[in-house]
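Asks: Have a peek at upload_20.txt (compact mmCIF, C-alpha atoms).
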# COMPACT_ATOMS: atom_id res chain seq x y z
CA MET A 1 108.13 100.26 104.69
CA PRO A 2 110.43 103.03 103.48
CA ALA A 3 109.00 105.89 101.48
CA VAL A 4 109.31 105.74 97.73
CA ARG A 5 111.29 108.59 96.24
CA SER A 6 112.52 109.81 92.89
CA ASP A 7 115.88 109.21 91.33
CA ALA A 8 117.74 112.22 89.97
CA ALA A 9 115.74 114.64 92.09
CA ASP A 10 116.96 112.94 95.24
CA THR A 11 120.61 112.72 94.42
CA ALA A 12 120.98 116.18 95.89
CA VAL A 13 123.81 116.55 98.38
CA PRO A 14 122.13 117.84 101.55
CA VAL A 15 123.59 121.14 102.69
CA THR A 16 122.96 120.41 106.32
CA THR A 17 124.94 120.04 109.48
CA GLY A 18 125.36 116.68 111.09
CA THR A 19 127.95 113.96 111.27
CA GLY A 20 127.72 110.23 110.95
CA PRO A 21 129.62 107.65 112.96
CA ALA A 22 133.39 107.54 112.81
CA PRO A 23 134.73 105.65 109.77
CA HIS A 24 135.78 102.61 111.85
CA ALA A 25 132.23 102.35 113.24
CA LEU A 26 130.38 102.23 109.92
CA PRO A 27 128.11 99.15 109.92
CA ARG A 28 129.03 96.68 107.17
CA THR A 29 125.40 95.79 106.52
CA ASP A 30 124.49 99.42 105.87
CA LEU A 31 127.52 99.87 103.62
CA LEU A 32 126.30 96.88 101.60
CA LEU A 33 122.81 98.36 101.42
CA LEU A 34 124.31 101.65 100.28
CA ALA A 35 126.19 99.83 97.52
CA VAL A 36 122.93 98.19 96.37
CA SER A 37 121.27 101.60 96.48
CA ILE A 38 123.94 103.15 94.26
CA GLY A 39 123.65 100.25 91.83
CA GLY A 40 119.89 100.70 91.59
CA ILE A 41 120.16 104.45 91.08
CA SER A 42 122.90 104.03 88.47
CA LEU A 43 120.67 101.70 86.45
CA SER A 44 117.95 104.36 86.15
CA ALA A 45 119.31 106.50 83.31
CA PRO A 46 120.42 103.60 81.07
CA LEU A 47 117.04 101.89 81.58
CA ILE A 48 115.18 105.06 80.57
CA SER A 49 117.41 105.47 77.54
CA ALA A 50 116.88 101.84 76.50
CA THR A 51 113.11 101.63 77.02
CA ALA A 52 111.21 101.83 73.72
CA ALA A 53 108.48 104.15 74.95
CA PRO A 54 108.14 107.96 74.98
CA ALA A 55 110.13 109.53 77.81
CA LEU A 56 107.09 111.41 79.14
CA ALA A 57 105.04 108.20 79.24
CA ILE A 58 107.82 106.44 81.15
CA ALA A 59 107.88 109.31 83.65
CA LEU A 60 104.11 109.11 84.10
CA TRP A 61 103.84 105.35 84.58
CA ARG A 62 106.77 105.02 86.96
CA ASN A 63 105.13 107.62 89.21
CA VAL A 64 101.69 106.02 88.90
CA MET A 65 103.23 102.66 89.82
CA SER A 66 105.02 104.23 92.78
CA VAL A 67 101.73 105.65 94.06
CA GLY A 68 100.20 102.20 93.60
CA VAL A 69 102.94 100.65 95.75
CA LEU A 70 103.03 103.36 98.43
CA GLY A 71 99.33 104.23 98.50
CA PRO A 72 97.89 101.18 100.32
CA TYR A 73 100.54 101.37 103.04
CA ALA A 74 100.12 105.14 103.47
CA LEU A 75 96.32 104.90 103.60
CA LEU A 76 96.52 102.05 106.12
CA ARG A 77 99.13 103.54 108.47
CA HIS A 78 98.78 107.31 107.90
CA ARG A 79 95.09 107.80 107.13
CA ALA A 80 94.48 110.12 110.09
CA GLU A 81 97.53 112.22 109.26
CA LEU A 82 96.51 112.51 105.62
CA ARG A 83 93.07 113.73 106.65
CA GLY A 84 94.56 116.27 109.04
CA ILE A 85 97.23 117.84 106.81
CA GLY A 86 96.98 121.63 107.05
CA ARG A 87 96.17 123.79 104.03
CA ARG A 88 99.67 125.30 103.84
CA ALA A 89 101.44 121.94 104.06
CA LEU A 90 99.07 120.44 101.48
CA LEU A 91 99.65 123.27 99.00
CA LEU A 92 103.43 123.09 99.48
CA ALA A 93 103.41 119.31 98.98
CA MET A 94 101.38 119.73 95.79
CA ALA A 95 103.75 122.47 94.59
CA ALA A 96 106.68 120.13 95.24
CA GLY A 97 104.90 117.44 93.24
CA ALA A 98 104.40 119.85 90.34
CA LEU A 99 108.10 120.74 90.36
CA LEU A 100 108.99 117.05 90.47
CA ALA A 101 106.81 116.54 87.39
CA VAL A 102 108.70 119.34 85.62
CA HIS A 103 111.96 117.70 86.66
CA PHE A 104 110.93 114.37 85.13
CA ALA A 105 109.47 116.02 82.03
CA LEU A 106 112.82 117.72 81.38
CA TRP A 107 115.36 115.11 82.48
CA MET A 108 113.92 112.00 80.88
CA PRO A 109 113.77 113.49 77.35
CA SER A 110 117.31 114.80 77.83
CA LEU A 111 118.52 111.18 78.00
CA ARG A 112 117.35 110.73 74.38
CA MET A 113 119.17 113.87 73.20
CA THR A 114 122.56 113.73 74.90
CA SER A 115 124.64 110.94 76.40
CA VAL A 116 123.67 109.21 79.65
CA ALA A 117 126.95 110.41 81.18
CA SER A 118 126.27 114.07 80.33
CA ALA A 119 122.61 114.05 81.35
CA THR A 120 123.34 112.33 84.66
CA ALA A 121 126.28 114.57 85.51
CA LEU A 122 124.30 117.72 84.75
CA VAL A 123 121.12 116.74 86.59
CA THR A 124 123.13 116.00 89.74
CA THR A 125 123.93 119.72 89.95
CA THR A 126 120.71 119.95 92.01
CA PRO A 127 122.69 120.78 95.21
CA LEU A 128 124.27 123.76 93.47
CA TRP A 129 120.90 125.17 92.50
CA THR A 130 119.66 124.44 96.02
CA ILE A 131 122.45 126.52 97.51
CA LEU A 132 121.76 129.40 95.14
CA LEU A 133 118.04 129.33 95.97
CA MET A 134 118.82 129.20 99.69
CA ARG A 135 121.12 132.21 99.28
CA VAL A 136 118.21 134.16 97.78
CA PHE A 137 116.35 133.55 101.05
CA GLY A 138 119.31 134.69 103.14
CA VAL A 139 120.99 131.38 104.01
CA ARG A 140 124.77 131.65 103.79
CA ALA A 141 126.88 128.67 102.76
CA PRO A 142 130.48 128.00 103.94
CA ARG A 143 133.36 129.01 101.67
CA LEU A 144 134.16 125.41 100.79
CA VAL A 145 130.62 125.04 99.42
CA TRP A 146 131.08 128.08 97.17
CA ALA A 147 134.46 126.76 96.05
CA GLY A 148 132.82 123.45 95.17
CA MET A 149 130.15 125.29 93.21
CA CYS A 150 132.76 127.12 91.16
CA VAL A 151 134.59 123.87 90.36
CA ALA A 152 131.35 122.10 89.43
CA PHE A 153 130.14 124.92 87.20
CA ALA A 154 133.52 124.96 85.48
CA GLY A 155 132.91 121.31 84.69
CA VAL A 156 129.43 122.17 83.40
CA LEU A 157 130.89 124.76 81.02
CA VAL A 158 133.48 122.31 79.74
CA LEU A 159 130.93 119.53 79.29
CA THR A 160 128.42 121.69 77.42
CA GLY A 161 131.23 122.91 75.18
CA VAL A 162 132.14 119.32 74.36
CA ASP A 163 128.52 118.44 73.58
CA LEU A 164 128.09 121.54 71.42
CA SER A 165 130.97 120.28 69.31
CA LEU A 166 129.00 117.05 68.82
CA SER A 167 125.62 118.52 67.84
CA PRO A 168 123.13 121.28 68.77
CA ARG A 169 120.74 118.48 69.83
CA ALA A 170 123.24 117.26 72.43
CA LEU A 171 123.59 120.82 73.75
CA LEU A 172 119.80 121.10 74.03
CA GLY A 173 119.81 117.84 75.99
CA ASP A 174 122.40 119.35 78.34
CA ALA A 175 120.19 122.41 78.84
CA LEU A 176 117.18 120.22 79.67
CA ALA A 177 119.23 118.24 82.21
CA LEU A 178 120.45 121.43 83.87
CA ALA A 179 116.91 122.82 84.02
CA ALA A 180 115.77 119.49 85.48
CA GLY A 181 118.36 119.93 88.23
CA LEU A 182 116.97 123.39 88.97
CA ALA A 183 113.39 122.07 89.16
CA ALA A 184 114.60 119.32 91.49
CA ALA A 185 116.18 121.94 93.76
CA GLY A 186 112.81 123.62 94.21
CA TYR A 187 111.25 120.23 94.90
CA VAL A 188 113.90 119.45 97.54
CA LEU A 189 113.46 122.78 99.35
CA LEU A 190 109.66 122.62 99.37
CA GLY A 191 109.78 119.01 100.53
CA ALA A 192 112.12 119.89 103.39
CA GLU A 193 109.65 122.55 104.53
CA VAL A 194 106.67 120.19 104.40
CA ARG A 195 108.49 117.41 106.26
CA LYS A 196 108.89 119.68 109.28
CA SER A 197 105.27 118.90 110.11
CA VAL A 198 104.30 115.96 107.87
CA SER A 199 105.73 112.44 107.82
CA THR A 200 107.79 111.41 104.81
CA THR A 201 105.26 108.74 103.83
CA ALA A 202 102.26 111.09 103.88
CA TYR A 203 104.20 113.81 102.08
CA THR A 204 105.48 111.42 99.44
CA LEU A 205 101.99 110.12 98.65
CA VAL A 206 100.59 113.62 98.14
CA CYS A 207 103.67 114.66 96.18
CA TYR A 208 103.74 111.63 93.89
CA ALA A 209 100.00 111.74 93.29
CA THR A 210 100.34 115.38 92.22
CA THR A 211 103.34 114.51 90.05
CA SER A 212 101.29 111.82 88.31
CA VAL A 213 98.37 114.19 87.64
CA VAL A 214 100.65 116.92 86.25
CA LEU A 215 102.56 114.46 84.07
CA LEU A 216 99.26 113.07 82.76
CA ALA A 217 98.22 116.59 81.78
CA ILE A 218 101.58 117.18 80.07
CA CYS A 219 101.28 113.88 78.17
CA LEU A 220 97.75 114.71 77.01
CA VAL A 221 98.73 118.20 75.85
CA ALA A 222 101.82 116.86 74.07
CA GLY A 223 99.83 114.03 72.48
CA THR A 224 102.11 111.40 74.01
CA PRO A 225 100.83 107.82 73.59
CA LEU A 226 100.36 106.13 76.95
CA ALA A 227 100.00 102.51 75.87
CA GLY A 228 100.37 100.15 72.93
CA TRP A 229 103.86 98.81 73.69
CA SER A 230 105.10 95.27 74.08
CA GLY A 231 105.10 93.46 77.40
CA GLY A 232 108.87 93.84 77.53
CA VAL A 233 108.55 97.63 77.64
CA TRP A 234 106.15 97.44 80.57
CA TRP A 235 108.53 95.15 82.42
CA GLN A 236 111.33 97.68 81.80
CA ILE A 237 109.21 100.41 83.39
CA VAL A 238 108.52 98.13 86.37
CA ALA A 239 112.25 97.39 86.61
CA LEU A 240 112.92 101.14 86.56
CA MET A 241 110.57 101.72 89.47
CA VAL A 242 111.98 98.82 91.49
CA SER A 243 115.66 99.56 90.83
CA ALA A 244 115.71 103.35 91.02
CA GLN A 245 113.01 103.98 93.60
CA LEU A 246 112.36 100.92 95.76
CA LEU A 247 115.96 99.64 95.89
CA GLY A 248 117.76 102.87 95.03
CA HIS A 249 116.50 105.77 97.08
CA SER A 250 114.50 103.86 99.65
CA LEU A 251 117.68 102.06 100.73
CA SER A 252 119.61 105.33 100.81
CA ASN A 253 116.91 106.66 103.14
CA ARG A 254 117.35 103.54 105.25
CA VAL A 255 121.09 103.98 105.80
CA VAL A 256 121.42 107.77 106.05
CA ASN A 257 120.70 107.73 109.80
CA THR A 258 123.57 105.32 110.54
CA LEU A 259 126.13 106.32 107.90
CA GLY A 260 125.42 110.05 108.11
CA PRO A 261 124.32 112.51 105.38
CA SER A 262 127.87 113.32 104.27
CA VAL A 263 128.88 109.71 103.60
CA THR A 264 125.56 108.82 101.99
CA SER A 265 125.24 111.86 99.74
CA THR A 266 128.85 111.70 98.60
CA ALA A 267 128.53 107.99 97.78
CA ILE A 268 125.39 108.62 95.74
CA LEU A 269 127.49 110.82 93.45
CA LEU A 270 128.87 107.52 92.14
CA GLU A 271 125.62 107.40 90.15
CA THR A 272 127.28 109.42 87.39
CA PRO A 273 130.23 107.09 86.66
CA GLY A 274 128.04 104.08 87.41
CA ALA A 275 125.37 105.14 84.91
CA ALA A 276 128.05 106.03 82.34
CA LEU A 277 129.69 102.61 82.71
CA ILE A 278 126.38 100.74 82.39
CA ALA A 279 125.40 102.82 79.34
CA ALA A 280 128.79 102.16 77.73
CA LEU A 281 128.71 98.39 78.27
CA TRP A 282 124.99 97.89 77.66
CA LEU A 283 124.07 100.57 75.11
CA GLY A 284 127.46 101.26 73.56
CA GLN A 285 127.32 104.90 74.68
CA TRP A 286 130.99 105.71 75.14
CA PRO A 287 131.36 109.43 75.96
CA PRO A 288 134.01 111.37 74.01
CA VAL A 289 137.39 111.49 75.72
CA ALA A 290 137.08 115.25 76.28
CA ALA A 291 133.96 114.68 78.42
CA TYR A 292 135.77 112.72 81.13
CA PRO A 293 137.66 115.69 82.66
CA ALA A 294 134.42 117.71 82.64
CA VAL A 295 132.48 115.01 84.50
CA ALA A 296 135.38 114.65 86.94
CA LEU A 297 135.26 118.42 87.65
CA ILE A 298 131.52 118.27 88.32
CA LEU A 299 131.93 115.35 90.71
CA LEU A 300 134.86 117.01 92.48
CA GLY A 301 132.82 120.16 92.94
CA LEU A 302 129.89 118.22 94.39
CA VAL A 303 132.19 116.39 96.79
CA LEU A 304 133.48 119.76 98.03
CA VAL A 305 129.88 120.92 98.43
CA ALA A 306 129.10 117.82 100.50
CA ARG A 307 132.13 118.35 102.74
CA GLY A 308 131.36 122.03 103.14
CA GLY A 309 127.73 121.27 103.95
CA ARG A 310 128.83 118.86 106.66
CA ARG A 311 130.90 121.58 108.30
Is it possible to express this structure as structure tokens?
Replies:
Amino acid sequence: MPAVRSDAADTAVPVTTGTGPAPHALPRTDLLLLAVSIGGISLSAPLISATAAPALAIALWRNVMSVGVLGPYALLRHRAELRGIGRRALLLAMAAGALLAVHFALWMPSLRMTSVASATALVTTTPLWTILLMRVFGVRAPRLVWAGMCVAFAGVLVLTGVDLSLSPRALLGDALALAAGLAAAGYVLLGAEVRKSVSTTAYTLVCYATTSVVLLAICLVAGTPLAGWSGGVWWQIVALMVSAQLLGHSLSNRVVNTLGPSVTSTAILLETPGAALIAALWLGQWPPVAAYPAVALILLGLVLVARGGRR
């Protein structure tokens, strides 16, 4: 059973070396699974935006449900490993879970303040923040990666300028989405460190359990109602967990070994136009014309980052 993972936090383009099979050797089955994965991930933001429940409550329950799905398997197959996790690895996994909670607590409300297209494009800047954080710790990125960062940040500036012209609330939503991308970068880096010695399943259970506890605390402090909605709302939250996490990122984990990190991570960037298209057709959220070039710049920059990371 593949590990359950988050949505926006895991759309990061891995800045790692490694190559997948040659294009003519790409398995058709895995390409189909990747397409299903992208579809599931793209449905995440529109579903959150459409669900008639507080954003923080949605974040909490989707994580609680994920722990409920992953927990029995992890406790059955990884019980000994969970008992033997070292203190350092445990604390890092919990810190990653706390950052993931911050990511959700920032990104999900942003979807109610700005457009799905803007929030999704801005939260996928996680790889850019990851590179900047890695540079702080002395890891140098190739020139193409830095060029991609410059292009992507130019797109960010254009997009936030467009949203400012719409309303200060939309600009605040952009800021929350960007901050969510930064929190996700910390989560990605801490998770990579933990997974050097801990299996993905064991790490994910500790991380998601911590995320659930932190989100519960945030909801209680904020006075967010955690129940009292119709059955349809609960089914939407279940659909969010299944589409974004079980089908979305679990399938991307499944195919990354055969398709390679560069192909997989670049394809996942299709989440932004996919989410924007679903939001436009389903919710009537058509972004302003001026936003399209900005989103295109962000995606182009992230593609350059992915190619540079592969080199």
Asks: May I have the residues within 8 Å of Val233 (chain A) as a PyMOL selection string, using all atoms listed in the file and disregarding those fewer than 3 positions away in the same chain?
Replies: chain A and resi 51-53+229-230+236-237
Asks: Distance table requested - region 80-152 of chain A against region 59-62 of chain A, cut-off 8 Å, only C-alpha atoms: one row per qualifying residue with the closest atom pair and its distance in Å to one decimal, ordered by chain and rising residue number, as a tab-separated table.
Replies:
residue	atom	partner	partner_atom	distance
A:Phe104	CA	A:Ala59	CA	6.1
A:Ala105	CA	A:Ala59	CA	7.1
A:Met108	CA	A:Ala59	CA	7.2
Asks: Work out how far CA of Pro288 (chain A) is from CA of Val116 (chain A), in Å to one decimal.
Replies: 12.0 Å
Asks: Could you check which of A:Leu56, A:Cys150, A:Leu128, A:Ala93 is closest to Ser197 (chain A), using all atoms listed in the file?
Replies: A:Ala93
Asks: Of the residues A:Gly231, A:Pro109, A:Gly248, A:Gly186, which is the one nearest to Leu133 (chain A), using all atoms listed in the file?
Replies: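 Comparing A:Gly231, A:Pro109, A:Gly248, A:Gly186 against Leu133 (chain A), the winner is A:Gly186.
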Asks: Please compute the CA of Ala209 (chain A)-CA of Ile268 (chain A) distance, one decimal, in Å.
Replies: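 Computing it gives 25.7 Å between the two atoms.
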Asks: May I have a table of the residues of region 24-138 of chain A lying at most 8 Å from region 160-170 of chain A, giving each one's closest pair of atoms and their distance in Å to one decimal, counting only C-alpha atoms, ordered by chain and ascending residue number, as CSV?
Replies:
residue,atom,partner,partner_atom,distance
A:Met113,CA,A:Ala170,CA,5.4
A:Thr114,CA,A:Ala170,CA,4.4
A:Ser115,CA,A:Ala170,CA,7.6
Asks: In the coordinate frame of the file, compute which residues have an atom within 6 Å of (105.2, 115.4, 92.2) when using all atoms listed in the file, and state them as a count of residues only.
Replies: 9
Asks: Mind checking which residues fall within 10 Å of Val36 (chain A), counting all atoms listed in the file, ignoring those fewer than 6 positions away in the same chain, and posting them as a compact mmCIF listing (two decimals) with C-alpha atoms, in the frame of the given file?
Replies:
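The file below, part_19.txt, is the result:
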# COMPACT_ATOMS: atom_id res chain seq x y z
CA ASP A 30 124.49 99.42 105.87
CA SER A 42 122.90 104.03 88.47
CA SER A 243 115.66 99.56 90.83
CA LEU A 247 115.96 99.64 95.89
CA GLY A 248 117.76 102.87 95.03
CA HIS A 249 116.50 105.77 97.08
CA LEU A 251 117.68 102.06 100.73
CA SER A 252 119.61 105.33 100.81
Asks: Would you mind telling me which residue in A:Leu304, A:Ala192, A:Gly40, A:Leu269 lies nearest to Ala121 (chain A) when using only C-alpha atoms?
Replies: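 Nearest to Ala121 (chain A): A:Leu269.
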Asks: Measuring atom to atom with all atoms listed in the file, identify which of A:Ala276, A:Val206, A:Val289, A:Val303 is nearest to Arg83 (chain A).
Replies: A:Val206
Asks: Between CA of Val151 (chain A) and CA of Leu297 (chain A), what is the distance in Å, rounded to a tenth?
Replies: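 Interatomic distance, CA of Val151 (chain A) to CA of Leu297 (chain A): 6.1 Å.
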Asks: From the options A:Val188, A:Ser37, A:Phe153, A:Gly301, which residue's atoms come nearest to Gly274 (chain A), counting only C-alpha atoms?
Replies: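 Ranked by minimum distance to Gly274 (chain A), first place goes to A:Ser37.
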Asks: Which residue, A:Thr258, A:Thr120, A:Thr224, A:Gln245, has the smallest gap to Pro46 (chain A) when you use only C-alpha atoms?
Replies: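 Of A:Thr258, A:Thr120, A:Thr224, A:Gln245, the one nearest Pro46 (chain A) is A:Thr120, counting only C-alpha atoms.
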Asks: Put a box with edges along x, y and z around all the listed atoms of region 232-241 of chain A, pad it by 5 Å on each side, then give me its centre and sizes in Å, one decimal, as AutoDock Vina command-line options.
Replies:
--center_x 109.5 --center_y 97.8 --center_z 83.5 --size_x 16.8 --size_y 17.9 --size_z 21.9
Asks: Hey, could you patch up region 145-177 of chain A with N, CA and C atoms and hand it over as a compact mmCIF listing (two decimals), in the coordinates of the input?
Replies:
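Result file follows (part.txt):
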# COMPACT_ATOMS: atom_id res chain seq x y z
N VAL A 145 131.78 125.32 100.27
CA VAL A 145 130.62 125.04 99.42
C VAL A 145 130.68 125.90 98.17
N TRP A 146 130.99 127.18 98.33
CA TRP A 146 131.08 128.08 97.17
C TRP A 146 132.24 127.67 96.25
N ALA A 147 133.34 127.24 96.87
CA ALA A 147 134.46 126.76 96.05
C ALA A 147 134.05 125.54 95.24
N GLY A 148 133.32 124.62 95.88
CA GLY A 148 132.82 123.45 95.17
C GLY A 148 131.89 123.83 94.04
N MET A 149 131.06 124.84 94.26
CA MET A 149 130.15 125.29 93.21
C MET A 149 130.92 125.80 92.00
N CYS A 150 131.96 126.56 92.26
CA CYS A 150 132.76 127.12 91.16
C CYS A 150 133.42 126.00 90.35
N VAL A 151 133.95 125.00 91.05
CA VAL A 151 134.59 123.87 90.36
C VAL A 151 133.56 123.12 89.54
N ALA A 152 132.39 122.86 90.13
CA ALA A 152 131.35 122.10 89.43
C ALA A 152 130.84 122.86 88.20
N PHE A 153 130.63 124.15 88.34
CA PHE A 153 130.14 124.92 87.20
C PHE A 153 131.19 125.03 86.10
N ALA A 154 132.46 125.02 86.50
CA ALA A 154 133.52 124.96 85.48
C ALA A 154 133.40 123.67 84.68
N GLY A 155 133.13 122.58 85.38
CA GLY A 155 132.91 121.31 84.69
C GLY A 155 131.70 121.35 83.79
N VAL A 156 130.63 122.03 84.24
CA VAL A 156 129.43 122.17 83.40
C VAL A 156 129.76 122.90 82.11
N LEU A 157 130.53 123.98 82.21
CA LEU A 157 130.89 124.76 81.02
C LEU A 157 131.72 123.92 80.05
N VAL A 158 132.65 123.17 80.60
CA VAL A 158 133.48 122.31 79.74
C VAL A 158 132.63 121.25 79.05
N LEU A 159 131.74 120.61 79.83
CA LEU A 159 130.93 119.53 79.29
C LEU A 159 129.98 120.03 78.20
N THR A 160 129.33 121.16 78.44
CA THR A 160 128.42 121.69 77.42
C THR A 160 129.18 122.12 76.18
N GLY A 161 130.41 122.59 76.35
CA GLY A 161 131.23 122.91 75.18
C GLY A 161 131.56 121.68 74.36
N VAL A 162 131.86 120.58 75.05
CA VAL A 162 132.14 119.32 74.36
C VAL A 162 130.91 118.85 73.60
N ASP A 163 129.74 118.91 74.24
CA ASP A 163 128.52 118.44 73.58
C ASP A 163 128.11 119.34 72.43
N LEU A 164 128.38 120.64 72.54
CA LEU A 164 128.09 121.54 71.42
C LEU A 164 128.90 121.16 70.19
N SER A 165 130.14 120.70 70.44
CA SER A 165 130.97 120.28 69.31
C SER A 165 130.43 119.02 68.64
N LEU A 166 129.60 118.26 69.38
CA LEU A 166 129.00 117.05 68.82
C LEU A 166 127.78 117.39 67.97
N SER A 167 126.83 118.14 68.57
CA SER A 167 125.62 118.52 67.84
C SER A 167 124.81 119.50 68.68
N PRO A 168 124.03 120.39 68.02
CA PRO A 168 123.13 121.28 68.77
C PRO A 168 122.10 120.48 69.59
N ARG A 169 121.70 119.31 69.10
CA ARG A 169 120.74 118.48 69.83
C ARG A 169 121.32 118.04 71.17
N ALA A 170 122.60 117.66 71.18
CA ALA A 170 123.24 117.26 72.43
C ALA A 170 123.29 118.43 73.40
N LEU A 171 123.55 119.63 72.89
CA LEU A 171 123.59 120.82 73.75
C LEU A 171 122.21 121.09 74.33
N LEU A 172 121.16 120.91 73.53
CA LEU A 172 119.80 121.10 74.03
C LEU A 172 119.50 120.07 75.13
N GLY A 173 119.97 118.85 74.95
CA GLY A 173 119.81 117.84 75.99
C GLY A 173 120.50 118.25 77.28
N ASP A 174 121.69 118.84 77.16
CA ASP A 174 122.40 119.35 78.34
C ASP A 174 121.58 120.43 79.05
N ALA A 175 120.98 121.33 78.25
CA ALA A 175 120.19 122.41 78.84
C ALA A 175 118.97 121.85 79.58
N LEU A 176 118.33 120.84 79.00
CA LEU A 176 117.18 120.22 79.67
C LEU A 176 117.60 119.57 80.98
N ALA A 177 118.76 118.90 80.99
CA ALA A 177 119.23 118.24 82.21
C ALA A 177 119.55 119.26 83.30
